[in-house]
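Raw data_9.txt, compact mmCIF, N, CA and C atoms:
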# COMPACT_ATOMS: atom_id res chain seq x y z
N MET A 1 186.72 2.49 54.87
CA MET A 1 186.03 1.61 53.95
C MET A 1 187.07 0.94 53.05
N LEU A 2 186.96 -0.35 52.91
CA LEU A 2 187.91 -1.09 52.09
C LEU A 2 187.50 -0.99 50.63
N LYS A 3 188.46 -0.65 49.78
CA LYS A 3 188.18 -0.48 48.36
C LYS A 3 188.58 -1.75 47.62
N TYR A 4 187.69 -2.20 46.77
CA TYR A 4 187.96 -3.36 45.93
C TYR A 4 188.26 -2.90 44.51
N GLU A 5 189.07 -3.66 43.81
CA GLU A 5 189.41 -3.30 42.45
C GLU A 5 188.22 -3.57 41.52
N HIS A 6 188.13 -2.76 40.47
CA HIS A 6 187.08 -2.89 39.46
C HIS A 6 187.36 -4.13 38.62
N HIS A 7 186.34 -4.66 37.98
CA HIS A 7 186.53 -5.90 37.22
C HIS A 7 187.44 -5.70 36.02
N ARG A 8 187.65 -4.47 35.58
CA ARG A 8 188.56 -4.22 34.46
C ARG A 8 190.01 -4.06 34.93
N GLU A 9 190.20 -3.86 36.22
CA GLU A 9 191.55 -3.72 36.77
C GLU A 9 192.19 -5.08 36.94
N PRO A 10 193.52 -5.14 36.96
CA PRO A 10 194.19 -6.43 37.15
C PRO A 10 193.95 -7.00 38.55
N LEU A 11 194.15 -8.28 38.66
CA LEU A 11 193.98 -8.97 39.94
C LEU A 11 194.98 -8.42 40.95
N LEU A 12 194.54 -8.25 42.16
CA LEU A 12 195.38 -7.72 43.23
C LEU A 12 196.55 -8.68 43.49
N PRO A 13 197.78 -8.18 43.66
CA PRO A 13 198.90 -9.07 43.99
C PRO A 13 198.65 -9.82 45.30
N ARG A 14 199.27 -10.97 45.44
CA ARG A 14 199.03 -11.83 46.60
C ARG A 14 199.29 -11.12 47.93
N ALA A 15 200.37 -10.35 48.02
CA ALA A 15 200.69 -9.65 49.27
C ALA A 15 199.60 -8.65 49.64
N ALA A 16 199.11 -7.91 48.67
CA ALA A 16 198.03 -6.94 48.92
C ALA A 16 196.74 -7.66 49.28
N PHE A 17 196.49 -8.80 48.64
CA PHE A 17 195.30 -9.60 48.97
C PHE A 17 195.38 -10.10 50.41
N LEU A 18 196.55 -10.54 50.84
CA LEU A 18 196.71 -11.02 52.21
C LEU A 18 196.51 -9.88 53.21
N GLN A 19 196.95 -8.68 52.85
CA GLN A 19 196.69 -7.51 53.70
C GLN A 19 195.19 -7.24 53.80
N ARG A 20 194.49 -7.34 52.67
CA ARG A 20 193.04 -7.15 52.67
C ARG A 20 192.38 -8.22 53.53
N LEU A 21 192.84 -9.45 53.39
CA LEU A 21 192.27 -10.54 54.18
C LEU A 21 192.51 -10.31 55.66
N PHE A 22 193.70 -9.84 56.02
CA PHE A 22 194.00 -9.54 57.42
C PHE A 22 193.10 -8.43 57.95
N ALA A 23 192.83 -7.43 57.13
CA ALA A 23 191.93 -6.34 57.53
C ALA A 23 190.53 -6.88 57.80
N HIS A 24 190.07 -7.78 56.96
CA HIS A 24 188.75 -8.38 57.15
C HIS A 24 188.71 -9.26 58.40
N VAL A 25 189.77 -9.99 58.64
CA VAL A 25 189.83 -10.82 59.86
C VAL A 25 189.82 -9.92 61.09
N SER A 26 190.52 -8.79 61.02
CA SER A 26 190.52 -7.85 62.15
C SER A 26 189.13 -7.29 62.41
N VAL A 27 188.41 -6.94 61.36
CA VAL A 27 187.04 -6.44 61.51
C VAL A 27 186.15 -7.52 62.11
N ALA A 28 186.29 -8.74 61.61
CA ALA A 28 185.47 -9.85 62.11
C ALA A 28 185.76 -10.12 63.59
N MET A 29 187.03 -10.10 63.96
CA MET A 29 187.39 -10.34 65.36
C MET A 29 186.87 -9.21 66.25
N SER A 30 186.89 -8.00 65.75
CA SER A 30 186.35 -6.87 66.51
C SER A 30 184.85 -7.05 66.75
N ILE A 31 184.14 -7.50 65.74
CA ILE A 31 182.70 -7.75 65.87
C ILE A 31 182.46 -8.85 66.90
N VAL A 32 183.23 -9.92 66.83
CA VAL A 32 183.06 -11.04 67.76
C VAL A 32 183.39 -10.61 69.19
N LEU A 33 184.51 -9.91 69.38
CA LEU A 33 184.89 -9.48 70.73
C LEU A 33 183.89 -8.47 71.30
N GLY A 34 183.41 -7.55 70.46
CA GLY A 34 182.40 -6.61 70.92
C GLY A 34 181.10 -7.31 71.30
N SER A 35 180.71 -8.27 70.51
CA SER A 35 179.49 -9.04 70.80
C SER A 35 179.66 -9.88 72.06
N LEU A 36 180.85 -10.42 72.23
CA LEU A 36 181.13 -11.19 73.44
C LEU A 36 181.07 -10.29 74.67
N ALA A 37 181.59 -9.09 74.57
CA ALA A 37 181.55 -8.14 75.68
C ALA A 37 180.10 -7.77 76.04
N ILE A 38 179.27 -7.58 75.03
CA ILE A 38 177.85 -7.30 75.27
C ILE A 38 177.21 -8.46 76.02
N GLY A 39 177.50 -9.68 75.57
CA GLY A 39 176.92 -10.86 76.21
C GLY A 39 177.39 -11.04 77.64
N VAL A 40 178.67 -10.87 77.86
CA VAL A 40 179.22 -11.01 79.22
C VAL A 40 178.59 -9.97 80.15
N ALA A 41 178.50 -8.73 79.69
CA ALA A 41 177.92 -7.67 80.51
C ALA A 41 176.45 -7.96 80.80
N GLY A 42 175.73 -8.41 79.80
CA GLY A 42 174.31 -8.72 80.01
C GLY A 42 174.09 -9.82 81.02
N TYR A 43 174.83 -10.91 80.87
CA TYR A 43 174.68 -12.02 81.82
C TYR A 43 175.18 -11.65 83.21
N ARG A 44 176.22 -10.86 83.26
CA ARG A 44 176.79 -10.48 84.56
C ARG A 44 175.84 -9.56 85.33
N PHE A 45 175.32 -8.53 84.67
CA PHE A 45 174.55 -7.52 85.37
C PHE A 45 173.04 -7.78 85.40
N LEU A 46 172.53 -8.52 84.43
CA LEU A 46 171.09 -8.80 84.43
C LEU A 46 170.75 -10.12 85.11
N GLU A 47 171.62 -11.11 84.96
CA GLU A 47 171.36 -12.42 85.55
C GLU A 47 172.21 -12.66 86.80
N ARG A 48 173.13 -11.75 87.09
CA ARG A 48 174.00 -11.82 88.28
C ARG A 48 174.88 -13.08 88.29
N LEU A 49 175.35 -13.50 87.11
CA LEU A 49 176.26 -14.63 87.03
C LEU A 49 177.67 -14.17 87.35
N ASP A 50 178.52 -15.09 87.81
CA ASP A 50 179.94 -14.78 87.98
C ASP A 50 180.52 -14.46 86.60
N TRP A 51 181.66 -13.75 86.60
CA TRP A 51 182.26 -13.34 85.34
C TRP A 51 182.55 -14.52 84.43
N ILE A 52 183.09 -15.59 84.99
CA ILE A 52 183.46 -16.75 84.16
C ILE A 52 182.21 -17.44 83.61
N ASP A 53 181.14 -17.50 84.40
CA ASP A 53 179.90 -18.10 83.91
C ASP A 53 179.24 -17.21 82.86
N ALA A 54 179.35 -15.89 83.04
CA ALA A 54 178.81 -14.96 82.05
C ALA A 54 179.57 -15.10 80.73
N LEU A 55 180.89 -15.24 80.82
CA LEU A 55 181.70 -15.45 79.62
C LEU A 55 181.34 -16.76 78.94
N LEU A 56 181.19 -17.81 79.72
CA LEU A 56 180.85 -19.12 79.17
C LEU A 56 179.50 -19.07 78.45
N ASN A 57 178.50 -18.48 79.08
CA ASN A 57 177.18 -18.40 78.46
C ASN A 57 177.21 -17.56 77.19
N ALA A 58 177.88 -16.42 77.24
CA ALA A 58 177.96 -15.55 76.07
C ALA A 58 178.69 -16.25 74.92
N ALA A 59 179.80 -16.91 75.23
CA ALA A 59 180.57 -17.60 74.20
C ALA A 59 179.78 -18.76 73.60
N MET A 60 179.08 -19.49 74.44
CA MET A 60 178.29 -20.63 73.94
C MET A 60 177.16 -20.15 73.04
N LEU A 61 176.48 -19.08 73.43
CA LEU A 61 175.40 -18.56 72.59
C LEU A 61 175.95 -17.97 71.30
N LEU A 62 177.05 -17.24 71.40
CA LEU A 62 177.65 -16.63 70.22
C LEU A 62 178.16 -17.69 69.26
N GLY A 63 178.61 -18.81 69.81
CA GLY A 63 179.08 -19.92 68.98
C GLY A 63 177.98 -20.82 68.47
N GLY A 64 176.74 -20.56 68.85
CA GLY A 64 175.62 -21.33 68.34
C GLY A 64 175.26 -22.55 69.14
N MET A 65 175.82 -22.71 70.34
CA MET A 65 175.57 -23.92 71.12
C MET A 65 174.39 -23.77 72.08
N GLY A 66 174.17 -22.60 72.61
CA GLY A 66 173.09 -22.40 73.56
C GLY A 66 173.64 -22.12 74.95
N PRO A 67 172.79 -21.59 75.82
CA PRO A 67 173.26 -21.23 77.17
C PRO A 67 173.58 -22.45 78.02
N VAL A 68 174.45 -22.25 79.00
CA VAL A 68 174.84 -23.32 79.92
C VAL A 68 174.02 -23.23 81.20
N ASN A 69 173.95 -22.03 81.78
CA ASN A 69 173.23 -21.83 83.04
C ASN A 69 171.75 -21.58 82.77
N LYS A 70 170.94 -21.99 83.73
CA LYS A 70 169.51 -21.71 83.65
C LYS A 70 169.29 -20.25 84.03
N MET A 71 168.47 -19.57 83.25
CA MET A 71 168.15 -18.17 83.53
C MET A 71 167.04 -18.14 84.57
N CYS A 72 167.23 -17.32 85.61
CA CYS A 72 166.29 -17.28 86.72
C CYS A 72 165.46 -16.00 86.77
N THR A 73 165.98 -14.90 86.25
CA THR A 73 165.26 -13.64 86.34
C THR A 73 164.56 -13.33 85.01
N PHE A 74 163.53 -12.51 85.09
CA PHE A 74 162.79 -12.11 83.90
C PHE A 74 163.71 -11.35 82.95
N LYS A 75 164.49 -10.41 83.51
CA LYS A 75 165.41 -9.62 82.68
C LYS A 75 166.47 -10.51 82.03
N GLY A 76 166.97 -11.48 82.78
CA GLY A 76 167.97 -12.39 82.25
C GLY A 76 167.42 -13.24 81.12
N LYS A 77 166.20 -13.72 81.27
CA LYS A 77 165.57 -14.52 80.22
C LYS A 77 165.33 -13.69 78.97
N LEU A 78 164.87 -12.47 79.16
CA LEU A 78 164.64 -11.58 78.04
C LEU A 78 165.95 -11.26 77.32
N PHE A 79 166.99 -10.97 78.10
CA PHE A 79 168.29 -10.70 77.51
C PHE A 79 168.79 -11.91 76.73
N ALA A 80 168.67 -13.11 77.31
CA ALA A 80 169.15 -14.32 76.66
C ALA A 80 168.42 -14.56 75.34
N ALA A 81 167.13 -14.27 75.31
CA ALA A 81 166.36 -14.45 74.08
C ALA A 81 166.86 -13.51 72.98
N PHE A 82 167.01 -12.23 73.32
CA PHE A 82 167.46 -11.27 72.32
C PHE A 82 168.93 -11.48 71.95
N TYR A 83 169.74 -11.89 72.91
CA TYR A 83 171.15 -12.14 72.62
C TYR A 83 171.29 -13.35 71.70
N ALA A 84 170.43 -14.34 71.86
CA ALA A 84 170.47 -15.51 70.98
C ALA A 84 170.13 -15.11 69.55
N LEU A 85 169.11 -14.28 69.37
CA LEU A 85 168.76 -13.80 68.03
C LEU A 85 169.88 -12.94 67.44
N TYR A 86 170.43 -12.08 68.27
CA TYR A 86 171.54 -11.23 67.86
C TYR A 86 172.75 -12.09 67.45
N SER A 87 173.01 -13.13 68.21
CA SER A 87 174.17 -13.99 67.93
C SER A 87 174.03 -14.68 66.58
N GLY A 88 172.83 -15.07 66.23
CA GLY A 88 172.61 -15.69 64.92
C GLY A 88 172.92 -14.73 63.78
N ILE A 89 172.53 -13.48 63.96
CA ILE A 89 172.82 -12.47 62.94
C ILE A 89 174.31 -12.17 62.89
N VAL A 90 174.94 -12.09 64.05
CA VAL A 90 176.39 -11.83 64.10
C VAL A 90 177.15 -12.95 63.38
N PHE A 91 176.72 -14.18 63.54
CA PHE A 91 177.37 -15.30 62.86
C PHE A 91 177.35 -15.09 61.35
N LEU A 92 176.20 -14.69 60.82
CA LEU A 92 176.08 -14.47 59.38
C LEU A 92 176.92 -13.27 58.93
N VAL A 93 176.92 -12.21 59.70
CA VAL A 93 177.70 -11.02 59.35
C VAL A 93 179.19 -11.34 59.34
N VAL A 94 179.66 -12.03 60.36
CA VAL A 94 181.08 -12.37 60.45
C VAL A 94 181.48 -13.30 59.30
N ALA A 95 180.62 -14.25 58.98
CA ALA A 95 180.91 -15.13 57.84
C ALA A 95 181.02 -14.32 56.56
N GLY A 96 180.12 -13.37 56.37
CA GLY A 96 180.18 -12.52 55.18
C GLY A 96 181.44 -11.67 55.13
N VAL A 97 181.81 -11.10 56.26
CA VAL A 97 183.02 -10.27 56.33
C VAL A 97 184.25 -11.11 56.02
N LEU A 98 184.30 -12.33 56.53
CA LEU A 98 185.47 -13.18 56.31
C LEU A 98 185.56 -13.71 54.88
N PHE A 99 184.42 -14.05 54.30
CA PHE A 99 184.44 -14.65 52.96
C PHE A 99 184.41 -13.62 51.83
N ALA A 100 184.09 -12.37 52.12
CA ALA A 100 183.97 -11.35 51.07
C ALA A 100 185.23 -11.21 50.23
N PRO A 101 186.42 -11.07 50.82
CA PRO A 101 187.60 -10.90 49.96
C PRO A 101 187.93 -12.15 49.14
N VAL A 102 187.71 -13.31 49.71
CA VAL A 102 187.99 -14.56 48.99
C VAL A 102 187.01 -14.71 47.82
N PHE A 103 185.73 -14.45 48.08
CA PHE A 103 184.71 -14.56 47.05
C PHE A 103 184.95 -13.52 45.95
N HIS A 104 185.32 -12.30 46.36
CA HIS A 104 185.60 -11.26 45.37
C HIS A 104 186.77 -11.66 44.48
N ARG A 105 187.82 -12.20 45.09
CA ARG A 105 188.99 -12.61 44.30
C ARG A 105 188.63 -13.72 43.33
N PHE A 106 187.82 -14.67 43.79
CA PHE A 106 187.38 -15.77 42.93
C PHE A 106 186.60 -15.22 41.74
N LEU A 107 185.62 -14.34 42.01
CA LEU A 107 184.81 -13.78 40.93
C LEU A 107 185.66 -12.90 40.00
N HIS A 108 186.60 -12.16 40.58
CA HIS A 108 187.46 -11.31 39.76
C HIS A 108 188.32 -12.17 38.83
N ARG A 109 188.91 -13.21 39.37
CA ARG A 109 189.74 -14.10 38.54
C ARG A 109 188.89 -14.77 37.47
N PHE A 110 187.68 -15.21 37.87
CA PHE A 110 186.77 -15.84 36.93
C PHE A 110 186.39 -14.87 35.82
N HIS A 111 186.11 -13.62 36.17
CA HIS A 111 185.74 -12.62 35.18
C HIS A 111 186.91 -12.31 34.26
N LEU A 112 188.11 -12.21 34.82
CA LEU A 112 189.28 -11.93 33.98
C LEU A 112 189.53 -13.07 33.00
N ALA A 113 189.35 -14.31 33.45
CA ALA A 113 189.58 -15.46 32.59
C ALA A 113 188.58 -15.48 31.44
N PHE A 114 187.31 -15.28 31.74
CA PHE A 114 186.30 -15.33 30.69
C PHE A 114 186.19 -14.02 29.94
N GLY A 115 186.58 -12.92 30.56
CA GLY A 115 186.59 -11.63 29.87
C GLY A 115 187.62 -11.61 28.76
N ASN A 116 188.76 -12.27 28.97
CA ASN A 116 189.81 -12.33 27.94
C ASN A 116 189.34 -13.15 26.75
N GLU A 117 188.57 -14.21 26.98
CA GLU A 117 188.04 -15.02 25.88
C GLU A 117 187.06 -14.20 25.06
N ASP A 118 186.21 -13.42 25.73
CA ASP A 118 185.25 -12.60 25.02
C ASP A 118 185.95 -11.54 24.19
N GLN A 119 187.03 -10.95 24.70
CA GLN A 119 187.78 -9.95 23.96
C GLN A 119 188.47 -10.56 22.75
N SER A 120 188.99 -11.80 22.90
CA SER A 120 189.66 -12.44 21.78
C SER A 120 188.64 -12.81 20.70
N ARG A 121 187.44 -13.18 21.06
CA ARG A 121 186.40 -13.48 20.07
C ARG A 121 186.01 -12.22 19.31
N GLU A 122 185.91 -11.10 20.02
CA GLU A 122 185.56 -9.85 19.36
C GLU A 122 186.65 -9.40 18.39
N SER A 123 187.90 -9.65 18.74
CA SER A 123 189.00 -9.24 17.85
C SER A 123 189.13 -10.16 16.65
N ASP A 124 188.65 -11.41 16.73
CA ASP A 124 188.70 -12.35 15.60
C ASP A 124 187.69 -11.99 14.52
N THR A 125 186.60 -11.38 14.91
CA THR A 125 185.55 -11.09 13.91
C THR A 125 185.76 -9.78 13.22

How does the structure come out when it is put into structure tokens?
Amino acid sequence: MLKYEHHREPLLPRAAFLQRLFAHVSVAMSIVLGSLAIGVAGYRFLERLDWIDALLNAAMLLGGMGPVNKMCTFKGKLFAAFYALYSGIVFLVVAGVLFAPVFHRFLHRFHLAFGNEDQSRESDT
């Protein structure tokens, strides 16, 4: 589990932030590759597509474009429907995983900037 600094802690140094960002990119790529493997296996074994066509269909659906080949079997159509829904959720999850460290850093910096003003106002009174 990746640990984030508390809002009272100083901002993470740039090198450590880049390491955190790399860790998040690695997690996101693992999710994408795992999802792609599920899609390729489903199209290959349920719809009996060639490996390259299974990869193309899985990648197109995972990327939000839609399938390339027409589904001919009941199992293949059912798989394509559920894989399309799954792909939409994976897109949102991957976007969240990728943007989480950037958004956290932005909010942390924003809080530190305005937190210092609040502390200076309290010390003036």

TODO: Find the residue from A:Arg20, A:Lys70, A:Lys75, A:His6 that sits nearest to A:Phe45; use only N, CA and C atoms when measuring.
DONE: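 When distances to A:Phe45 are compared using only N, CA and C atoms, the smallest one comes from A:Lys75.
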
Open item on the list: Just the number, please: distance in Å from atom C of A:Leu85 to atom CA of A:Pro101, one decimal.
Closed with: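 Separation between atom C of A:Leu85 and atom CA of A:Pro101: 25.0 Å.
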
- [ ] Report the residues of stretch 52-111 of chain A whose backbone DSSP state falls under helix (DSSP H, G or I), written as JSON, numbers by chain.
- [x] {"A": [52, 53, 54, 55, 56, 57, 58, 59, 60, 61, 62, 74, 75, 76, 77, 78, 79, 80, 81, 82, 83, 84, 85, 86, 87, 88, 89, 90, 91, 92, 93, 94, 95, 96, 97, 98, 99, 100, 101, 102, 103, 104, 105, 106, 107, 108, 109, 110, 111]}

Open item on the list: Just to confirm, what's the straight-line distance from atom N of A:Leu98 to atom C of A:Ala54 in Å (one decimal)?
Closed with: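 Taking atom N of A:Leu98 as the start and atom C of A:Ala54 as the end point, the length is 24.8 Å.
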
TODO: State, in Å with one decimal place, the distance from atom C of A:Phe17 to atom C of A:Leu33.
DONE: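 Straight-line distance from atom C of A:Phe17 to atom C of A:Leu33 works out to 23.9 Å.
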
Task: A:Tyr4, A:Phe91, A:Phe103, A:Phe79 ranked by distance to A:Gly64, top pick (using all atoms listed in the file) - done: A:Phe91

Open item on the list: Nearest residue to A:Glu47 out of A:Met71, A:Tyr83, A:Leu11, A:Ala16, using only N, CA and C atoms?
Closed with: A:Met71

- [ ] Rank A:Phe106, A:Trp51, A:Tyr43, A:Leu56 by their smallest atom-to-atom distance to A:Ala80, using only N, CA and C atoms, and report the top residue only.
- [x]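 Going through A:Phe106, A:Trp51, A:Tyr43, A:Leu56 one by one, the smallest distance to A:Ala80 is for A:Tyr43.
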
Open item on the list: Using only C-alpha atoms for the distances, tell me which of A:Leu12, A:Val102, A:Val93, A:Leu36 is nearest to A:Gly63.
Closed with: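 Comparing A:Leu12, A:Val102, A:Val93, A:Leu36 against A:Gly63, the winner is A:Leu36.
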